[in-house]
Amino acid sequence: MDYARYQTLAITRRGEGGAVLDIQMRAQNGKLPTAGHDGHRELAEIWRDVSADDTVRCAVLRGEGMGFSGGGDLAMVEQMSTDDATRVRVWKEARDLVYNLVNCDKPIVSAMHGPAVGAGLVAGLLADISIASKSAKIVDGHTRLGVAAGDHAAIVWPLLCGMAKAKYYLLLCEPVSGEEAERIGLVSLAVEEAELLPRAYELADKLAAGSQSAIRFTKYALNNWLRLAGPSFDASLALEFMGFAGPDVREGIASLRERRAPRFS
């Protein structure tokens with residue numbers, strides 16, 4: 001498998017026989033990983049390669065720099081609001097990101113620190129074991145931007161933390177600390193930041209050493225709960241991308257650029 005072709009992901013092997021694939025989302029300017037055109041596409045594609053690579057038994061996803069993920073690149077978001085071809089392409093990638101994660105037969109462990117937003121958060125919360133530092137800041141920022149919470153929200157948040165909490169955080173764009181996310185069931189574990197990667201690697205090594213058929217078949221069966229929610233996800237994603245053609249997203253983009261609260265008409 002040619003992992004060298006990925007430009008926005010740093011991919012290395014670790015563990016016995018290199019069976020654990022370490023996937024790090026690269027930070028831009030040493031700050032946060034953001035999903036521009038290349039990053040968004042590659043984060044959707046990598047899970048097909050992980051699934052097809054017979055030498056991989058488990059994957060770890062982590063961020064570089066100040067946090068796990070910083071959300072979508074504003075230039076790309078702005079282009080989506082004005083160009084239909086870009087909007088359709090990114091919609092397909094957003095769809096593939098979710099379904100490729102759900103259908104990847106290898107177990108995935110995520111290690112989230114700092115801000116966790118956007119496409120990175122999709123992968124972080126859809127991972128089979130999600131670990132957050134207690135100080136991590138998880139935010140689904142869609143309604144703040146002026147579009148529906150599509151991406152992954154409808155398919156997994158109500159299942160993880162219940163409908164009441166999902167609506168509270170998704171409608172209001174309230175941040176969730178890693179510690180609170182563990183309490184409400186949004187993530188598997190919350191640990192001190194110094195323990196984050198060691199714990200993620202420990203669990204990945206344990207998964208890699210286990211019965212691969214048993215682990216993969218169990219994952220497949222459990223993920224049928226997510227497949228059942230596929231129609232809800234498809235509807236939410238369509239509504240999100242309809243919003244990218246509407247007026248509110250322009251105000252959302254402007255407010256982010258100007259670092260102020262949005263004023264939606």
# chains A, B, ... in the order shown; residues from 1 in each chain; ligands from 1

$ closest_atom_pairs --of "region 122-188 of chain A" --to "region 109-118 of chain A" --cutoff "9 Å" --atoms "only C-alpha atoms" --output "JSON lines"
{"residue": "A:Val122", "atom": "CA", "partner": "A:Gly118", "partner_atom": "CA", "distance": 6.6}
{"residue": "A:Ala123", "atom": "CA", "partner": "A:Ser110", "partner_atom": "CA", "distance": 7.7}
{"residue": "A:Gly124", "atom": "CA", "partner": "A:Ser110", "partner_atom": "CA", "distance": 5.3}
{"residue": "A:Leu125", "atom": "CA", "partner": "A:Ser110", "partner_atom": "CA", "distance": 7.7}
{"residue": "A:Leu126", "atom": "CA", "partner": "A:Ser110", "partner_atom": "CA", "distance": 8.7}
{"residue": "A:Ala127", "atom": "CA", "partner": "A:Val109", "partner_atom": "CA", "distance": 5.6}
{"residue": "A:Asp128", "atom": "CA", "partner": "A:Val109", "partner_atom": "CA", "distance": 6.0}
{"residue": "A:Ile129", "atom": "CA", "partner": "A:Val109", "partner_atom": "CA", "distance": 4.8}
{"residue": "A:Ser130", "atom": "CA", "partner": "A:Ser110", "partner_atom": "CA", "distance": 4.8}
{"residue": "A:Ile131", "atom": "CA", "partner": "A:Ala111", "partner_atom": "CA", "distance": 5.0}
{"residue": "A:Ala132", "atom": "CA", "partner": "A:Met112", "partner_atom": "CA", "distance": 4.5}
{"residue": "A:Ser133", "atom": "CA", "partner": "A:His113", "partner_atom": "CA", "distance": 5.3}
{"residue": "A:Lys134", "atom": "CA", "partner": "A:His113", "partner_atom": "CA", "distance": 8.2}
{"residue": "A:Ser135", "atom": "CA", "partner": "A:Gly114", "partner_atom": "CA", "distance": 6.7}
{"residue": "A:Ala136", "atom": "CA", "partner": "A:Gly114", "partner_atom": "CA", "distance": 4.4}
{"residue": "A:Lys137", "atom": "CA", "partner": "A:Pro115", "partner_atom": "CA", "distance": 4.7}
{"residue": "A:Ile138", "atom": "CA", "partner": "A:Ala116", "partner_atom": "CA", "distance": 4.8}
{"residue": "A:Val139", "atom": "CA", "partner": "A:Val117", "partner_atom": "CA", "distance": 5.4}
{"residue": "A:Asp140", "atom": "CA", "partner": "A:Val117", "partner_atom": "CA", "distance": 6.1}
{"residue": "A:Gly141", "atom": "CA", "partner": "A:Val117", "partner_atom": "CA", "distance": 7.2}
{"residue": "A:His142", "atom": "CA", "partner": "A:Gly118", "partner_atom": "CA", "distance": 8.5}
{"residue": "A:Asp151", "atom": "CA", "partner": "A:Gly118", "partner_atom": "CA", "distance": 8.1}
{"residue": "A:Gly178", "atom": "CA", "partner": "A:His113", "partner_atom": "CA", "distance": 8.3}

$ write_last_selection --atoms "all heavy atoms" --output "short mmCIF file (atom, residue, chain, number, x, y, z; two decimals), in the first residue's frame"
data_model
loop_
_atom_site.label_atom_id
_atom_site.label_comp_id
_atom_site.auth_asym_id
_atom_site.auth_seq_id
_atom_site.Cartn_x
_atom_site.Cartn_y
_atom_site.Cartn_z
N VAL A 122 -15.34 14.07 12.91
CA VAL A 122 -16.11 12.97 12.33
C VAL A 122 -15.38 11.65 12.56
O VAL A 122 -15.94 10.68 13.08
CB VAL A 122 -16.33 13.18 10.82
CG1 VAL A 122 -17.03 11.98 10.20
CG2 VAL A 122 -17.13 14.45 10.56
N ALA A 123 -14.11 11.63 12.18
CA ALA A 123 -13.31 10.41 12.33
C ALA A 123 -13.06 10.09 13.80
O ALA A 123 -13.05 8.92 14.20
CB ALA A 123 -11.99 10.55 11.58
N GLY A 124 -12.85 11.14 14.61
CA GLY A 124 -12.58 10.93 16.03
C GLY A 124 -13.72 10.25 16.75
O GLY A 124 -13.51 9.34 17.57
N LEU A 125 -14.96 10.68 16.47
CA LEU A 125 -16.11 10.12 17.18
C LEU A 125 -16.62 8.83 16.56
O LEU A 125 -17.29 8.04 17.23
CB LEU A 125 -17.23 11.15 17.26
CG LEU A 125 -16.96 12.35 18.17
CD1 LEU A 125 -18.19 13.24 18.25
CD2 LEU A 125 -16.53 11.93 19.58
N LEU A 126 -16.35 8.62 15.26
CA LEU A 126 -16.75 7.36 14.64
C LEU A 126 -15.71 6.26 14.82
O LEU A 126 -15.95 5.12 14.41
CB LEU A 126 -17.02 7.57 13.15
CG LEU A 126 -18.36 8.24 12.81
CD1 LEU A 126 -18.43 8.57 11.32
CD2 LEU A 126 -19.54 7.37 13.21
N ALA A 127 -14.57 6.59 15.42
CA ALA A 127 -13.58 5.56 15.72
C ALA A 127 -14.19 4.53 16.67
O ALA A 127 -15.11 4.83 17.44
CB ALA A 127 -12.34 6.19 16.36
N ASP A 128 -13.68 3.32 16.63
CA ASP A 128 -14.25 2.25 17.45
C ASP A 128 -13.96 2.47 18.93
O ASP A 128 -14.80 2.15 19.77
CB ASP A 128 -13.68 0.91 16.98
CG ASP A 128 -13.96 0.70 15.51
OD1 ASP A 128 -15.15 0.60 15.15
OD2 ASP A 128 -13.01 0.67 14.71
N ILE A 129 -12.80 3.00 19.24
CA ILE A 129 -12.48 3.43 20.60
C ILE A 129 -11.99 4.86 20.51
O ILE A 129 -10.98 5.14 19.87
CB ILE A 129 -11.42 2.53 21.27
CG1 ILE A 129 -11.96 1.10 21.41
CG2 ILE A 129 -11.02 3.08 22.63
CD1 ILE A 129 -10.97 0.12 22.00
N SER A 130 -12.74 5.78 21.11
CA SER A 130 -12.38 7.20 21.07
C SER A 130 -11.86 7.62 22.43
O SER A 130 -12.53 7.42 23.46
CB SER A 130 -13.60 8.04 20.68
OG SER A 130 -14.70 7.76 21.53
N ILE A 131 -10.66 8.19 22.43
CA ILE A 131 -10.04 8.64 23.67
C ILE A 131 -9.80 10.14 23.55
O ILE A 131 -9.28 10.61 22.54
CB ILE A 131 -8.71 7.93 23.94
CG1 ILE A 131 -8.86 6.41 23.78
CG2 ILE A 131 -8.19 8.24 25.34
CD1 ILE A 131 -7.56 5.65 23.86
N ALA A 132 -10.18 10.89 24.57
CA ALA A 132 -9.97 12.34 24.57
C ALA A 132 -9.18 12.72 25.82
O ALA A 132 -9.34 12.11 26.87
CB ALA A 132 -11.30 13.08 24.55
N SER A 133 -8.33 13.73 25.68
CA SER A 133 -7.75 14.30 26.88
C SER A 133 -8.87 14.99 27.65
O SER A 133 -9.85 15.47 27.05
CB SER A 133 -6.64 15.30 26.53
OG SER A 133 -7.18 16.44 25.88
N LYS A 134 -8.76 15.05 28.96
CA LYS A 134 -9.82 15.66 29.76
C LYS A 134 -10.04 17.12 29.38
O LYS A 134 -11.14 17.64 29.50
CB LYS A 134 -9.49 15.53 31.24
CG LYS A 134 -9.56 14.10 31.75
CD LYS A 134 -9.26 14.01 33.24
CE LYS A 134 -9.38 12.57 33.73
NZ LYS A 134 -9.10 12.44 35.18
N SER A 135 -8.98 17.77 28.91
CA SER A 135 -9.07 19.19 28.55
C SER A 135 -9.43 19.41 27.08
O SER A 135 -9.50 20.56 26.63
CB SER A 135 -7.74 19.89 28.85
OG SER A 135 -6.68 19.27 28.12
N ALA A 136 -9.65 18.34 26.32
CA ALA A 136 -10.02 18.50 24.91
C ALA A 136 -11.31 19.31 24.79
O ALA A 136 -12.15 19.31 25.69
CB ALA A 136 -10.18 17.13 24.26
N LYS A 137 -11.46 19.99 23.66
CA LYS A 137 -12.64 20.83 23.43
C LYS A 137 -13.32 20.34 22.15
O LYS A 137 -12.88 20.64 21.04
CB LYS A 137 -12.24 22.30 23.31
CG LYS A 137 -13.40 23.26 23.16
CD LYS A 137 -12.88 24.68 23.07
CE LYS A 137 -14.02 25.68 22.89
NZ LYS A 137 -13.50 27.07 22.76
N ILE A 138 -14.40 19.58 22.33
CA ILE A 138 -15.14 19.01 21.21
C ILE A 138 -16.28 19.96 20.84
O ILE A 138 -17.08 20.32 21.71
CB ILE A 138 -15.69 17.62 21.59
CG1 ILE A 138 -14.53 16.64 21.84
CG2 ILE A 138 -16.63 17.09 20.52
CD1 ILE A 138 -14.95 15.33 22.46
N VAL A 139 -16.32 20.37 19.58
CA VAL A 139 -17.37 21.29 19.12
C VAL A 139 -17.86 20.88 17.75
O VAL A 139 -17.06 20.71 16.82
CB VAL A 139 -16.86 22.75 19.04
CG1 VAL A 139 -18.01 23.68 18.67
CG2 VAL A 139 -16.21 23.21 20.34
N ASP A 140 -19.17 20.72 17.60
CA ASP A 140 -19.76 20.61 16.27
C ASP A 140 -20.27 22.00 15.92
O ASP A 140 -21.27 22.47 16.45
CB ASP A 140 -20.91 19.59 16.25
CG ASP A 140 -21.41 19.35 14.84
OD1 ASP A 140 -21.97 20.30 14.25
OD2 ASP A 140 -21.25 18.23 14.32
N GLY A 141 -19.57 22.68 15.01
CA GLY A 141 -19.82 24.09 14.77
C GLY A 141 -20.73 24.41 13.61
O GLY A 141 -20.74 25.55 13.13
N HIS A 142 -21.53 23.47 13.16
CA HIS A 142 -22.30 23.69 11.94
C HIS A 142 -23.33 24.82 12.07
O HIS A 142 -23.42 25.69 11.21
CB HIS A 142 -22.98 22.39 11.50
CG HIS A 142 -22.04 21.42 10.86
ND1 HIS A 142 -21.25 20.56 11.58
CD2 HIS A 142 -21.75 21.20 9.56
CE1 HIS A 142 -20.53 19.83 10.76
NE2 HIS A 142 -20.80 20.20 9.53
N ASP A 151 -22.50 16.08 8.37
CA ASP A 151 -21.28 15.31 8.65
C ASP A 151 -21.61 13.97 9.30
O ASP A 151 -21.99 13.04 8.63
CB ASP A 151 -20.32 16.12 9.52
CG ASP A 151 -19.56 17.16 8.73
OD1 ASP A 151 -19.88 17.34 7.54
OD2 ASP A 151 -18.66 17.81 9.28
N GLY A 178 -13.38 17.02 27.12
CA GLY A 178 -13.16 15.58 27.05
C GLY A 178 -13.70 14.87 28.28
O GLY A 178 -14.28 13.79 28.17
#

$ residues_around --residues "region 246-250 of chain A" --least-positions-apart "5" --cutoff "7 Å" --atoms "only C-alpha atoms" --output "NGL selection string"
:A and (145-147 or 264)

$ write_last_selection --atoms "C-alpha atoms" --output "CSV table (one decimal), in the first residue's frame"
chain,number,residue,atom,x,y,z
A,145,LEU,CA,-21.6,28.6,10.5
A,146,GLY,CA,-25.2,28.7,9.4
A,147,VAL,CA,-25.7,25.2,8.0
A,264,PHE,CA,-28.5,35.9,11.1

$ closest_atom_pairs --of "region 135-244 of chain A" --to "region 48-60 of chain A" --cutoff "8 Å" --atoms "only C-alpha atoms" --output "Markdown table"
| residue | atom | partner | partner_atom | distance |
| --- | --- | --- | --- | --- |
| A:Ala200 | CA | A:Val60 | CA | 7.2 |
| A:Tyr201 | CA | A:Val60 | CA | 7.4 |
| A:Ala204 | CA | A:Cys58 | CA | 6.0 |
| A:Asp205 | CA | A:Cys58 | CA | 7.8 |
| A:Leu207 | CA | A:Cys58 | CA | 6.7 |
| A:Ala208 | CA | A:Arg57 | CA | 5.0 |
| A:Gln212 | CA | A:Arg57 | CA | 7.3 |

$ atom_distance --atom1 "CA of Leu121 (chain A)" --atom2 "CA of Gly210 (chain A)"
26.9 Å

$ closest_residue --among "A:Gly120, A:Ala235, A:Asp38, A:Ala221" --to "Asn103 (chain A)" --atoms "only C-alpha atoms"
A:Ala221

$ closest_residue --among "A:Ala27, A:Leu237, A:His152, A:Thr12" --to "Gly67 (chain A)" --atoms "only C-alpha atoms"
A:Ala27

$ residues_around --residues "Ala35 (chain A)" --least-positions-apart "3" --cutoff "8 Å" --atoms "only C-alpha atoms" --output "list in words"
Asp38, Gly39, His40, Gly70, Gly71, Gly72, Asp73, Gly118, Ala119 and Gly120 of chain A

$ write_last_selection --atoms "C-alpha atoms" --output "PDB file, in the first residue's frame"
ATOM      1  CA  ASP A  38      -6.576  17.825  -0.083  1.00  0.00           C
ATOM      2  CA  GLY A  39      -7.074  17.130   3.612  1.00  0.00           C
ATOM      3  CA  HIS A  40     -10.799  16.515   3.299  1.00  0.00           C
ATOM      4  CA  GLY A  70      -9.426  22.668  13.550  1.00  0.00           C
ATOM      5  CA  GLY A  71     -12.346  22.218  11.173  1.00  0.00           C
ATOM      6  CA  GLY A  72     -12.737  23.123   7.532  1.00  0.00           C
ATOM      7  CA  ASP A  73     -10.475  25.578   5.773  1.00  0.00           C
ATOM      8  CA  GLY A 118     -14.969  19.449  11.632  1.00  0.00           C
ATOM      9  CA  ALA A 119     -13.940  16.483   9.488  1.00  0.00           C
ATOM     10  CA  GLY A 120     -11.353  15.379  12.032  1.00  0.00           C
TER      11      GLY A 120
END

$ atom_distance --atom1 "CA of Leu226 (chain A)" --atom2 "CA of Arg62 (chain A)"
22.7 Å

$ select_by_dssp --residues "region 114-166 of chain A" --states "helix (DSSP H, G or I)" --output "number ranges by chain"
A: 118-126, 142-145, 153-161, 163-166

$ select_by_dssp --residues "region 7-236 of chain A" --states "strand (DSSP E)" --output "VMD selection string"
chain A and resid 9 to 14 20 to 25 58 to 63 69 to 70 108 to 112 115 to 117 129 to 133 137 to 138 176 to 177 189 to 191

$ atom_distance --atom1 "CA of Glu240 (chain A)" --atom2 "CA of Leu171 (chain A)"
13.2 Å

$ closest_residue --among "A:Glu45, A:Met76, A:Leu239, A:Gly162" --to "Arg5 (chain A)" --atoms "only C-alpha atoms"
A:Glu45
